[in-house]
Amino acid sequence: MGENEKPTRLTRRQILASGVAIAGTIPFLTKERAAAAPEPRTVALRLTAGTRTLAVNGKPARVFSLIGPNGKPGITLSPGERFHVDLVNQADTPTIIHWHGQLPPWKQDGFPWPQTPPIPSGDTHSYDYVPIAGTYWMHSHHGMQEQSLMTAPLIVRSAEDIRADRQEVVLMLHDFSFQTPDELLAGLTKSNGSQSAMRKSGMGNNMKMDSGSMGAMNSGAMDAMNMASGMRMDLNDIDYDAFLANDLTLADPEVVRTEPGGRVRLRLINGASATQFWIDLGALSGTVVAVDGHPVRPVRITRLPLAMAQRLDVLIDLPGNGSYPIFAQVEGKRARTGIVLAASGAPVSRLAAQAAENAPPVDLSLERRLEAVAPLAPRAPDVTHRVILTGAMAPYAWSMNGEYWPNVTPLMVAPGQRAAIEMQNRTMMPHPMHLHGHAFQVVAINGAPLAGAVRDTVLVPPMGSVTITFDADNPGRWAFHCHNLYHMTTGMMTEVRYPAII
Ligand SMILES: [Cu+2]
């Protein structure tokens, strides 16, 4: 078992070590000092975009990397620290990295707008903004680099995290293929006619989900599930070669040795490009305390749905000195990945890479139970945008209001407005929708009002609807898109825009 020095394991000792490493630039963080907000950092942290070789299923794979100042993937910030980062592009190709869920000024969001082009190979770009605390992540927004693992955790610790003194464990998920993203995309689109031909023909707008189009689907690339309506639902566009948990499979999973007392804060990140998971705590039960970095009222739970790009913070108190697998099972499949929490000296048995049964589709069962600790102030929306999610597997193309990125009509909001977006999914695929630059509250599911979670990514299930509201308090140009990389790439993205942006 590879339990030593695995990249994203985060123990109190490592946090301490990173504190020592940065002690030359800010005062050493004792618990008291951390709670009292340290001095702003004046020297930038270095984040390097590069490449590395990963072993998957016993075979080497060339993938991207995002290595932080301590030589490990991503960045962990102490309470009160600014996000002051020099991003060095050593990836031999242009890139731009998005700080998913963070609320920086728009030109630091890491999206390839004309005003903020990708960083050329060999160049460095600097960022400096006040981060929000919680479990976040970073990923390339350039082409399909995200599929090739240009992704990493971005953890912003709070003073409360320090006081709680729990062992922090990051579990980041990926879907992996030995094919290139371009090959995967070609596999989805080739049998269905080209995207441009479809656009010219005006198809793709309110495409019918009839049995003919279902039959034309790439049968090896999806699982279909029967729904109550008798219609079939599409899951998993792509047949991946492996599912990774902190870069490893269950054949040789990360084993995190737990500290005496066994009090863990598990920071789950779904960094997969086109896969949703059920987190299965097995013999353990956990308490969800935050979603997408934002605190929620505690929910006690053992199986947790995790849509693409979403995060969950789960408190787990280990019942004994044993070893406990944390599984992440792919929706609609038996395939799973995971890590092991194991007390010092506890034996770790071999884990099957397949569960006994297929997992159901990821759904809104947890979403309905969530309640933000800090909800938006009650207020009627000043502006409401309705967005119809459209598209189909054949031809493979996805859109919003029938428009394909980048040929879209921006959704306008003005500073000071309370904005609402009602998303109606008229497809048989689930769409995890992500708004840049704002934290929104989930206020309705299928028309039923809800005082739900504040978050940055919400799943809109097949033929379902979800309404979100947010305060327009961050002027700029903001991407709003499905976080299934292949849906986004074939068009399922639009812009939320403020007036008079240059
Ligand atoms: Cu989608």
# chains A, B, ... in the order shown; residues from 1 in each chain; ligands from 1
>>> residues_near_ligand(ligand="ligand 1", cutoff="9 Å", atoms="only C-alpha atoms and all ligand atoms", output="list of chain:residue names")
A:Ala274, A:Leu389, A:Thr390, A:Gly391, A:Trp398, A:Ser399, A:Met429, A:Pro430, A:His431, A:Pro432, A:Met433, A:Val460, A:His481, A:Cys482, A:His483, A:Asn484, A:Leu485, A:Tyr486, A:His487, A:Met488, A:Met492
>>> write_last_selection(atoms="C-alpha atoms", output="PDB file, in the first residue's frame")
ATOM      1  CA  ALA A 274     -17.781  13.760 -16.902  1.00  0.00           C
ATOM      2  CA  LEU A 389     -31.026  23.262 -20.982  1.00  0.00           C
ATOM      3  CA  THR A 390     -31.195  21.560 -24.346  1.00  0.00           C
ATOM      4  CA  GLY A 391     -29.329  18.929 -26.307  1.00  0.00           C
ATOM      5  CA  TRP A 398     -25.639  20.630 -25.748  1.00  0.00           C
ATOM      6  CA  SER A 399     -26.861  24.186 -25.417  1.00  0.00           C
ATOM      7  CA  MET A 429     -28.877  13.922 -19.073  1.00  0.00           C
ATOM      8  CA  PRO A 430     -28.138  15.460 -15.675  1.00  0.00           C
ATOM      9  CA  HIS A 431     -26.373  18.830 -15.908  1.00  0.00           C
ATOM     10  CA  PRO A 432     -24.241  20.132 -13.019  1.00  0.00           C
ATOM     11  CA  MET A 433     -24.491  23.881 -13.534  1.00  0.00           C
ATOM     12  CA  VAL A 460     -30.266  19.915 -12.592  1.00  0.00           C
ATOM     13  CA  HIS A 481     -22.013  26.511 -17.762  1.00  0.00           C
ATOM     14  CA  CYS A 482     -22.568  22.805 -17.407  1.00  0.00           C
ATOM     15  CA  HIS A 483     -19.548  21.259 -15.685  1.00  0.00           C
ATOM     16  CA  ASN A 484     -19.664  18.134 -17.800  1.00  0.00           C
ATOM     17  CA  LEU A 485     -16.600  19.008 -19.903  1.00  0.00           C
ATOM     18  CA  TYR A 486     -18.047  17.483 -23.085  1.00  0.00           C
ATOM     19  CA  HIS A 487     -21.368  19.263 -22.685  1.00  0.00           C
ATOM     20  CA  MET A 488     -19.530  22.546 -22.122  1.00  0.00           C
ATOM     21  CA  MET A 492     -23.495  24.305 -23.016  1.00  0.00           C
TER      22      MET A 492
END
>>> residues_around(residues="Asp123 (chain A)", least_positions_apart="2", cutoff="10 Å", atoms="only C-alpha atoms", output="PyMOL selection string")
chain A and resi 87-90+94-95+119-121+125
>>> write_last_selection(atoms="all heavy atoms", output="compact mmCIF listing (two decimals), in the first residue's frame")
# COMPACT_ATOMS: atom_id res chain seq x y z
N LEU A 87 1.41 32.14 -10.93
CA LEU A 87 1.18 30.91 -11.69
C LEU A 87 2.21 30.85 -12.82
O LEU A 87 2.22 31.70 -13.71
CB LEU A 87 -0.25 30.90 -12.25
CG LEU A 87 -0.60 29.79 -13.23
CD1 LEU A 87 -0.39 28.41 -12.63
CD2 LEU A 87 -2.06 29.95 -13.69
N VAL A 88 3.06 29.85 -12.74
CA VAL A 88 4.16 29.69 -13.69
C VAL A 88 3.76 28.60 -14.69
O VAL A 88 3.49 27.46 -14.29
CB VAL A 88 5.46 29.28 -12.97
CG1 VAL A 88 6.62 29.21 -13.95
CG2 VAL A 88 5.77 30.27 -11.84
N ASN A 89 3.71 28.95 -15.96
CA ASN A 89 3.30 27.97 -16.96
C ASN A 89 4.51 27.23 -17.53
O ASN A 89 5.21 27.72 -18.41
CB ASN A 89 2.52 28.64 -18.09
CG ASN A 89 2.05 27.62 -19.11
OD1 ASN A 89 2.27 26.42 -18.95
ND2 ASN A 89 1.41 28.10 -20.16
N GLN A 90 4.73 26.03 -17.02
CA GLN A 90 5.78 25.17 -17.56
C GLN A 90 5.17 23.94 -18.23
O GLN A 90 5.79 22.87 -18.27
CB GLN A 90 6.74 24.74 -16.43
CG GLN A 90 7.51 25.91 -15.85
CD GLN A 90 8.48 25.52 -14.75
OE1 GLN A 90 8.50 24.38 -14.30
NE2 GLN A 90 9.29 26.47 -14.31
N PRO A 94 -0.18 26.71 -23.91
CA PRO A 94 -0.91 27.76 -23.18
C PRO A 94 -1.88 27.16 -22.17
O PRO A 94 -2.40 26.05 -22.38
CB PRO A 94 -1.67 28.50 -24.28
CG PRO A 94 -0.94 28.18 -25.55
CD PRO A 94 -0.40 26.80 -25.36
N THR A 95 -2.12 27.86 -21.08
CA THR A 95 -3.11 27.39 -20.12
C THR A 95 -3.70 28.59 -19.40
O THR A 95 -3.16 29.71 -19.46
CB THR A 95 -2.51 26.39 -19.11
OG1 THR A 95 -3.60 25.74 -18.42
CG2 THR A 95 -1.62 27.08 -18.09
N ILE A 119 -2.38 31.98 -20.62
CA ILE A 119 -0.99 32.30 -20.32
C ILE A 119 -0.10 31.51 -21.28
O ILE A 119 -0.16 30.27 -21.30
CB ILE A 119 -0.66 31.91 -18.86
CG1 ILE A 119 -1.64 32.60 -17.91
CG2 ILE A 119 0.78 32.27 -18.53
CD1 ILE A 119 -1.66 31.97 -16.52
N PRO A 120 0.73 32.20 -22.07
CA PRO A 120 1.59 31.45 -23.01
C PRO A 120 2.56 30.56 -22.25
O PRO A 120 2.91 30.83 -21.10
CB PRO A 120 2.34 32.56 -23.75
CG PRO A 120 1.55 33.81 -23.53
CD PRO A 120 0.89 33.66 -22.19
N SER A 121 3.00 29.52 -22.94
CA SER A 121 4.00 28.62 -22.36
C SER A 121 5.23 29.42 -21.96
O SER A 121 5.72 30.26 -22.71
CB SER A 121 4.37 27.56 -23.39
OG SER A 121 5.41 26.76 -22.91
N HIS A 125 1.85 34.44 -14.56
CA HIS A 125 0.76 35.39 -14.33
C HIS A 125 0.49 35.46 -12.83
O HIS A 125 0.48 34.43 -12.16
CB HIS A 125 -0.49 34.97 -15.10
CG HIS A 125 -1.51 36.05 -15.22
ND1 HIS A 125 -1.48 37.01 -16.21
CD2 HIS A 125 -2.59 36.36 -14.45
CE1 HIS A 125 -2.49 37.84 -16.06
NE2 HIS A 125 -3.18 37.47 -14.99
>>> closest_residue(among="A:Ala372, A:Ala394, A:Ile316, A:Leu235", to="Ala359 (chain A)", atoms="only C-alpha atoms")
A:Leu235
>>> residues_around(residues="His98 (chain A)", least_positions_apart="4", cutoff="9 Å", atoms="only C-alpha atoms", output="ChimeraX atom specification")
/A:102,108-111,137-141
>>> closest_residue(among="A:Val454, A:Leu376, A:Leu149, A:Ala283", to="Thr53 (chain A)", atoms="only C-alpha atoms")
A:Leu149
>>> residues_around(residues="Arg166 (chain A)", least_positions_apart="6", cutoff="7 Å", atoms="only C-alpha atoms", output="compact mmCIF listing (two decimals) with N, CA and C atoms, in the first residue's frame")
# COMPACT_ATOMS: atom_id res chain seq x y z
N ARG A 263 -10.57 11.75 14.77
CA ARG A 263 -11.49 12.83 14.39
C ARG A 263 -11.02 13.43 13.06
N VAL A 264 -11.86 13.25 12.04
CA VAL A 264 -11.44 13.59 10.67
C VAL A 264 -12.40 14.62 10.08
N ARG A 265 -11.86 15.57 9.34
CA ARG A 265 -12.67 16.39 8.43
C ARG A 265 -12.28 15.97 7.02
>>> residues_around(residues="Tyr136 (chain A)", least_positions_apart="6", cutoff="12 Å", atoms="only C-alpha atoms", output="count of residues only")
38
>>> residues_around(residues="Arg426 (chain A)", least_positions_apart="5", cutoff="9 Å", atoms="only C-alpha atoms", output="PyMOL selection string")
chain A and resi 206-207+388-391+462-465
>>> residues_around(residues="Ile502 (chain A)", least_positions_apart="2", cutoff="12 Å", atoms="only C-alpha atoms", output="PyMOL selection string")
chain A and resi 106-107+113-116+475-477+497-500
>>> select_by_dssp(residues="region 282-421 of chain A", states="strand (DSSP E or B)", output="PDB file with N, CA and C atoms, in the first residue's frame")
ATOM      1  N   GLY A 286     -21.180   9.939   8.679  1.00  0.00           N
ATOM      2  CA  GLY A 286     -20.545  11.252   8.691  1.00  0.00           C
ATOM      3  C   GLY A 286     -21.576  12.341   8.842  1.00  0.00           C
ATOM      4  N   THR A 287     -21.097  13.542   9.055  1.00  0.00           N
ATOM      5  CA  THR A 287     -21.967  14.703   9.157  1.00  0.00           C
ATOM      6  C   THR A 287     -21.501  15.741   8.134  1.00  0.00           C
ATOM      7  N   VAL A 288     -22.382  16.009   7.161  1.00  0.00           N
ATOM      8  CA  VAL A 288     -22.069  17.041   6.173  1.00  0.00           C
ATOM      9  C   VAL A 288     -22.178  18.397   6.850  1.00  0.00           C
ATOM     10  N   VAL A 289     -21.106  19.187   6.766  1.00  0.00           N
ATOM     11  CA  VAL A 289     -21.118  20.507   7.402  1.00  0.00           C
ATOM     12  C   VAL A 289     -20.876  21.633   6.407  1.00  0.00           C
ATOM     13  N   ALA A 290     -20.497  21.312   5.181  1.00  0.00           N
ATOM     14  CA  ALA A 290     -20.326  22.346   4.162  1.00  0.00           C
ATOM     15  C   ALA A 290     -20.488  21.728   2.785  1.00  0.00           C
ATOM     16  N   VAL A 291     -21.031  22.526   1.856  1.00  0.00           N
ATOM     17  CA  VAL A 291     -21.117  22.115   0.457  1.00  0.00           C
ATOM     18  C   VAL A 291     -20.503  23.218  -0.388  1.00  0.00           C
ATOM     19  N   HIS A 294     -19.248  26.193   1.467  1.00  0.00           N
ATOM     20  CA  HIS A 294     -20.142  27.033   2.274  1.00  0.00           C
ATOM     21  C   HIS A 294     -20.833  26.205   3.355  1.00  0.00           C
ATOM     22  N   PRO A 295     -20.767  26.658   4.613  1.00  0.00           N
ATOM     23  CA  PRO A 295     -21.349  25.870   5.707  1.00  0.00           C
ATOM     24  C   PRO A 295     -22.848  25.644   5.556  1.00  0.00           C
ATOM     25  N   VAL A 296     -23.268  24.420   5.905  1.00  0.00           N
ATOM     26  CA  VAL A 296     -24.691  24.076   5.964  1.00  0.00           C
ATOM     27  C   VAL A 296     -25.000  23.528   7.352  1.00  0.00           C
ATOM     28  N   ARG A 297     -26.273  23.537   7.706  1.00  0.00           N
ATOM     29  CA  ARG A 297     -26.667  22.918   8.977  1.00  0.00           C
ATOM     30  C   ARG A 297     -26.358  21.425   8.876  1.00  0.00           C
ATOM     31  N   PRO A 298     -25.870  20.843   9.973  1.00  0.00           N
ATOM     32  CA  PRO A 298     -25.349  19.467   9.906  1.00  0.00           C
ATOM     33  C   PRO A 298     -26.386  18.459   9.408  1.00  0.00           C
ATOM     34  N   VAL A 299     -25.954  17.580   8.513  1.00  0.00           N
ATOM     35  CA  VAL A 299     -26.795  16.489   8.014  1.00  0.00           C
ATOM     36  C   VAL A 299     -26.023  15.196   8.226  1.00  0.00           C
ATOM     37  N   ARG A 300     -26.629  14.283   8.980  1.00  0.00           N
ATOM     38  CA  ARG A 300     -25.973  13.014   9.260  1.00  0.00           C
ATOM     39  C   ARG A 300     -26.302  12.033   8.147  1.00  0.00           C
ATOM     40  N   ILE A 301     -25.289  11.336   7.604  1.00  0.00           N
ATOM     41  CA  ILE A 301     -25.513  10.596   6.360  1.00  0.00           C
ATOM     42  C   ILE A 301     -24.389   9.582   6.149  1.00  0.00           C
ATOM     43  N   ARG A 303     -24.380   7.684   2.736  1.00  0.00           N
ATOM     44  CA  ARG A 303     -24.150   7.694   1.283  1.00  0.00           C
ATOM     45  C   ARG A 303     -24.482   9.074   0.742  1.00  0.00           C
ATOM     46  N   LEU A 304     -23.516   9.683   0.054  1.00  0.00           N
ATOM     47  CA  LEU A 304     -23.652  11.087  -0.335  1.00  0.00           C
ATOM     48  C   LEU A 304     -23.469  11.248  -1.836  1.00  0.00           C
ATOM     49  N   PRO A 305     -24.448  11.875  -2.517  1.00  0.00           N
ATOM     50  CA  PRO A 305     -24.277  12.134  -3.951  1.00  0.00           C
ATOM     51  C   PRO A 305     -23.335  13.314  -4.170  1.00  0.00           C
ATOM     52  N   LEU A 306     -22.466  13.191  -5.183  1.00  0.00           N
ATOM     53  CA  LEU A 306     -21.495  14.252  -5.456  1.00  0.00           C
ATOM     54  C   LEU A 306     -21.440  14.479  -6.966  1.00  0.00           C
ATOM     55  N   ARG A 311     -18.191  19.972  -4.057  1.00  0.00           N
ATOM     56  CA  ARG A 311     -17.412  19.531  -2.896  1.00  0.00           C
ATOM     57  C   ARG A 311     -18.341  19.302  -1.710  1.00  0.00           C
ATOM     58  N   LEU A 312     -17.898  18.414  -0.824  1.00  0.00           N
ATOM     59  CA  LEU A 312     -18.597  18.164   0.436  1.00  0.00           C
ATOM     60  C   LEU A 312     -17.553  18.105   1.545  1.00  0.00           C
ATOM     61  N   ASP A 313     -17.841  18.760   2.665  1.00  0.00           N
ATOM     62  CA  ASP A 313     -17.026  18.611   3.866  1.00  0.00           C
ATOM     63  C   ASP A 313     -17.801  17.737   4.837  1.00  0.00           C
ATOM     64  N   VAL A 314     -17.185  16.640   5.262  1.00  0.00           N
ATOM     65  CA  VAL A 314     -17.867  15.664   6.100  1.00  0.00           C
ATOM     66  C   VAL A 314     -17.029  15.407   7.351  1.00  0.00           C
ATOM     67  N   LEU A 315     -17.646  15.578   8.515  1.00  0.00           N
ATOM     68  CA  LEU A 315     -16.967  15.244   9.768  1.00  0.00           C
ATOM     69  C   LEU A 315     -17.214  13.774  10.081  1.00  0.00           C
ATOM     70  N   ILE A 316     -16.141  13.069  10.375  1.00  0.00           N
ATOM     71  CA  ILE A 316     -16.243  11.642  10.690  1.00  0.00           C
ATOM     72  C   ILE A 316     -15.477  11.383  11.981  1.00  0.00           C
ATOM     73  N   ASP A 317     -16.142  10.725  12.928  1.00  0.00           N
ATOM     74  CA  ASP A 317     -15.450  10.273  14.139  1.00  0.00           C
ATOM     75  C   ASP A 317     -15.324   8.761  14.042  1.00  0.00           C
ATOM     76  N   SER A 323      -9.468  -0.098  10.219  1.00  0.00           N
ATOM     77  CA  SER A 323      -9.287   0.607   8.951  1.00  0.00           C
ATOM     78  C   SER A 323     -10.636   0.666   8.249  1.00  0.00           C
ATOM     79  N   TYR A 324     -10.896   1.818   7.618  1.00  0.00           N
ATOM     80  CA  TYR A 324     -12.220   2.110   7.087  1.00  0.00           C
ATOM     81  C   TYR A 324     -12.102   2.651   5.666  1.00  0.00           C
ATOM     82  N   PRO A 325     -12.585   1.897   4.674  1.00  0.00           N
ATOM     83  CA  PRO A 325     -12.552   2.434   3.310  1.00  0.00           C
ATOM     84  C   PRO A 325     -13.604   3.525   3.115  1.00  0.00           C
ATOM     85  N   ILE A 326     -13.240   4.529   2.329  1.00  0.00           N
ATOM     86  CA  ILE A 326     -14.188   5.552   1.856  1.00  0.00           C
ATOM     87  C   ILE A 326     -14.302   5.335   0.354  1.00  0.00           C
ATOM     88  N   PHE A 327     -15.463   4.856  -0.094  1.00  0.00           N
ATOM     89  CA  PHE A 327     -15.637   4.548  -1.510  1.00  0.00           C
ATOM     90  C   PHE A 327     -16.314   5.699  -2.242  1.00  0.00           C
ATOM     91  N   ALA A 328     -15.983   5.825  -3.515  1.00  0.00           N
ATOM     92  CA  ALA A 328     -16.711   6.721  -4.419  1.00  0.00           C
ATOM     93  C   ALA A 328     -17.125   5.864  -5.603  1.00  0.00           C
ATOM     94  N   GLN A 329     -18.431   5.590  -5.701  1.00  0.00           N
ATOM     95  CA  GLN A 329     -18.925   4.710  -6.765  1.00  0.00           C
ATOM     96  C   GLN A 329     -19.570   5.533  -7.871  1.00  0.00           C
ATOM     97  N   VAL A 330     -19.231   5.185  -9.100  1.00  0.00           N
ATOM     98  CA  VAL A 330     -19.741   5.905 -10.268  1.00  0.00           C
ATOM     99  C   VAL A 330     -21.243   5.670 -10.411  1.00  0.00           C
ATOM    100  N   GLU A 331     -22.010   6.729 -10.631  1.00  0.00           N
ATOM    101  CA  GLU A 331     -23.456   6.547 -10.816  1.00  0.00           C
ATOM    102  C   GLU A 331     -23.728   5.654 -12.022  1.00  0.00           C
ATOM    103  N   ALA A 335     -18.418   0.333 -10.928  1.00  0.00           N
ATOM    104  CA  ALA A 335     -17.040   0.801 -10.744  1.00  0.00           C
ATOM    105  C   ALA A 335     -16.940   1.783  -9.580  1.00  0.00           C
ATOM    106  N   ARG A 336     -15.843   1.673  -8.855  1.00  0.00           N
ATOM    107  CA  ARG A 336     -15.644   2.593  -7.746  1.00  0.00           C
ATOM    108  C   ARG A 336     -14.162   2.828  -7.520  1.00  0.00           C
ATOM    109  N   THR A 337     -13.885   3.871  -6.753  1.00  0.00           N
ATOM    110  CA  THR A 337     -12.527   4.170  -6.343  1.00  0.00           C
ATOM    111  C   THR A 337     -12.593   4.558  -4.878  1.00  0.00           C
ATOM    112  N   GLY A 338     -11.483   5.010  -4.303  1.00  0.00           N
ATOM    113  CA  GLY A 338     -11.566   5.420  -2.906  1.00  0.00           C
ATOM    114  C   GLY A 338     -10.225   5.446  -2.208  1.00  0.00           C
ATOM    115  N   ILE A 339     -10.303   5.777  -0.922  1.00  0.00           N
ATOM    116  CA  ILE A 339      -9.125   5.773  -0.055  1.00  0.00           C
ATOM    117  C   ILE A 339      -9.465   4.988   1.202  1.00  0.00           C
ATOM    118  N   VAL A 340      -8.484   4.809   2.059  1.00  0.00           N
ATOM    119  CA  VAL A 340      -8.705   4.094   3.315  1.00  0.00           C
ATOM    120  C   VAL A 340      -8.248   4.982   4.471  1.00  0.00           C
ATOM    121  N   LEU A 341      -9.112   5.110   5.466  1.00  0.00           N
ATOM    122  CA  LEU A 341      -8.710   5.734   6.722  1.00  0.00           C
ATOM    123  C   LEU A 341      -8.340   4.597   7.669  1.00  0.00           C
ATOM    124  N   ALA A 342      -7.128   4.601   8.164  1.00  0.00           N
ATOM    125  CA  ALA A 342      -6.686   3.472   8.981  1.00  0.00           C
ATOM    126  C   ALA A 342      -5.899   3.971  10.187  1.00  0.00           C
ATOM    127  N   ALA A 343      -6.276   3.444  11.342  1.00  0.00           N
ATOM    128  CA  ALA A 343      -5.520   3.776  12.557  1.00  0.00           C
ATOM    129  C   ALA A 343      -4.111   3.219  12.422  1.00  0.00           C
ATOM    130  N   GLN A 354     -15.031  -3.191  -7.814  1.00  0.00           N
ATOM    131  CA  GLN A 354     -16.420  -3.169  -8.266  1.00  0.00           C
ATOM    132  C   GLN A 354     -17.332  -3.383  -7.063  1.00  0.00           C
ATOM    133  N   ALA A 359     -24.708   1.681  -8.974  1.00  0.00           N
ATOM    134  CA  ALA A 359     -25.187   2.800  -8.170  1.00  0.00           C
ATOM    135  C   ALA A 359     -26.322   3.496  -8.910  1.00  0.00           C
ATOM    136  N   ALA A 372     -28.533  26.472   4.291  1.00  0.00           N
ATOM    137  CA  ALA A 372     -27.333  27.291   4.465  1.00  0.00           C
ATOM    138  C   ALA A 372     -27.249  27.839   5.884  1.00  0.00           C
ATOM    139  N   VAL A 383     -34.407  40.684 -11.063  1.00  0.00           N
ATOM    140  CA  VAL A 383     -34.339  40.192 -12.431  1.00  0.00           C
ATOM    141  C   VAL A 383     -34.345  38.665 -12.385  1.00  0.00           C
ATOM    142  N   THR A 384     -35.128  38.058 -13.267  1.00  0.00           N
ATOM    143  CA  THR A 384     -35.194  36.597 -13.336  1.00  0.00           C
ATOM    144  C   THR A 384     -34.890  36.154 -14.760  1.00  0.00           C
ATOM    145  N   HIS A 385     -33.902  35.283 -14.894  1.00  0.00           N
ATOM    146  CA  HIS A 385     -33.589  34.721 -16.205  1.00  0.00           C
ATOM    147  C   HIS A 385     -34.032  33.259 -16.228  1.00  0.00           C
ATOM    148  N   ARG A 386     -34.695  32.885 -17.291  1.00  0.00           N
ATOM    149  CA  ARG A 386     -35.050  31.476 -17.463  1.00  0.00           C
ATOM    150  C   ARG A 386     -34.096  30.869 -18.484  1.00  0.00           C
ATOM    151  N   VAL A 387     -33.516  29.750 -18.132  1.00  0.00           N
ATOM    152  CA  VAL A 387     -32.544  29.094 -19.012  1.00  0.00           C
ATOM    153  C   VAL A 387     -33.015  27.669 -19.277  1.00  0.00           C
ATOM    154  N   ILE A 388     -33.238  27.386 -20.544  1.00  0.00           N
ATOM    155  CA  ILE A 388     -33.638  26.032 -20.939  1.00  0.00           C
ATOM    156  C   ILE A 388     -32.372  25.264 -21.318  1.00  0.00           C
ATOM    157  N   LEU A 389     -32.182  24.116 -20.674  1.00  0.00           N
ATOM    158  CA  LEU A 389     -31.026  23.262 -20.982  1.00  0.00           C
ATOM    159  C   LEU A 389     -31.455  22.276 -22.052  1.00  0.00           C
ATOM    160  N   THR A 390     -30.770  22.336 -23.189  1.00  0.00           N
ATOM    161  CA  THR A 390     -31.195  21.560 -24.346  1.00  0.00           C
ATOM    162  C   THR A 390     -30.026  20.746 -24.898  1.00  0.00           C
ATOM    163  N   GLY A 391     -30.370  19.741 -25.690  1.00  0.00           N
ATOM    164  CA  GLY A 391     -29.329  18.929 -26.307  1.00  0.00           C
ATOM    165  C   GLY A 391     -29.687  17.465 -26.260  1.00  0.00           C
ATOM    166  N   ALA A 392     -28.781  16.639 -26.808  1.00  0.00           N
ATOM    167  CA  ALA A 392     -29.033  15.211 -26.844  1.00  0.00           C
ATOM    168  C   ALA A 392     -27.749  14.475 -27.163  1.00  0.00           C
ATOM    169  N   ALA A 397     -24.584  17.248 -28.886  1.00  0.00           N
ATOM    170  CA  ALA A 397     -24.375  18.688 -28.737  1.00  0.00           C
ATOM    171  C   ALA A 397     -25.341  19.200 -27.687  1.00  0.00           C
ATOM    172  N   TRP A 398     -24.890  20.168 -26.910  1.00  0.00           N
ATOM    173  CA  TRP A 398     -25.639  20.630 -25.748  1.00  0.00           C
ATOM    174  C   TRP A 398     -25.637  22.151 -25.748  1.00  0.00           C
ATOM    175  N   SER A 399     -26.727  22.742 -25.283  1.00  0.00           N
ATOM    176  CA  SER A 399     -26.861  24.186 -25.417  1.00  0.00           C
ATOM    177  C   SER A 399     -27.681  24.757 -24.271  1.00  0.00           C
ATOM    178  N   MET A 400     -27.704  26.084 -24.198  1.00  0.00           N
ATOM    179  CA  MET A 400     -28.526  26.796 -23.223  1.00  0.00           C
ATOM    180  C   MET A 400     -29.397  27.771 -23.996  1.00  0.00           C
ATOM    181  N   GLU A 403     -28.764  28.144 -27.653  1.00  0.00           N
ATOM    182  CA  GLU A 403     -27.571  28.819 -28.157  1.00  0.00           C
ATOM    183  C   GLU A 403     -26.323  28.024 -27.778  1.00  0.00           C
ATOM    184  N   LEU A 411     -26.718  36.833 -20.170  1.00  0.00           N
ATOM    185  CA  LEU A 411     -27.751  37.090 -19.176  1.00  0.00           C
ATOM    186  C   LEU A 411     -27.310  38.320 -18.398  1.00  0.00           C
ATOM    187  N   MET A 412     -28.027  39.426 -18.545  1.00  0.00           N
ATOM    188  CA  MET A 412     -27.582  40.693 -17.955  1.00  0.00           C
ATOM    189  C   MET A 412     -28.049  40.812 -16.503  1.00  0.00           C
ATOM    190  N   ARG A 418     -30.790  41.683  -6.917  1.00  0.00           N
ATOM    191  CA  ARG A 418     -30.954  40.272  -6.582  1.00  0.00           C
ATOM    192  C   ARG A 418     -31.400  39.587  -7.870  1.00  0.00           C
ATOM    193  N   ALA A 419     -30.606  38.631  -8.325  1.00  0.00           N
ATOM    194  CA  ALA A 419     -30.894  37.955  -9.587  1.00  0.00           C
ATOM    195  C   ALA A 419     -31.348  36.522  -9.323  1.00  0.00           C
ATOM    196  N   ALA A 420     -32.240  36.042 -10.140  1.00  0.00           N
ATOM    197  CA  ALA A 420     -32.665  34.642 -10.092  1.00  0.00           C
ATOM    198  C   ALA A 420     -32.447  34.011 -11.458  1.00  0.00           C
ATOM    199  N   ILE A 421     -32.031  32.758 -11.445  1.00  0.00           N
ATOM    200  CA  ILE A 421     -31.946  31.990 -12.690  1.00  0.00           C
ATOM    201  C   ILE A 421     -32.718  30.696 -12.490  1.00  0.00           C
TER     202      ILE A 421
END
>>> atom_distance(atom1="CA of Asn407 (chain A)", atom2="CA of Gly447 (chain A)")
29.3 Å
>>> closest_residue(among="A:Val408, A:Ile96, A:Val256, A:Leu351", to="Gly491 (chain A)", atoms="only C-alpha atoms")
A:Val408
>>> select_by_dssp(residues="region 283-500 of chain A", states="alpha helix (DSSP H)", output="list in words")
Leu485, Tyr486, His487, Met488 and Thr489 of chain A
>>> closest_residue(among="A:Ala444, A:Ala479, A:Ala472, A:Met393", to="Pro406 (chain A)", atoms="only C-alpha atoms")
A:Ala479
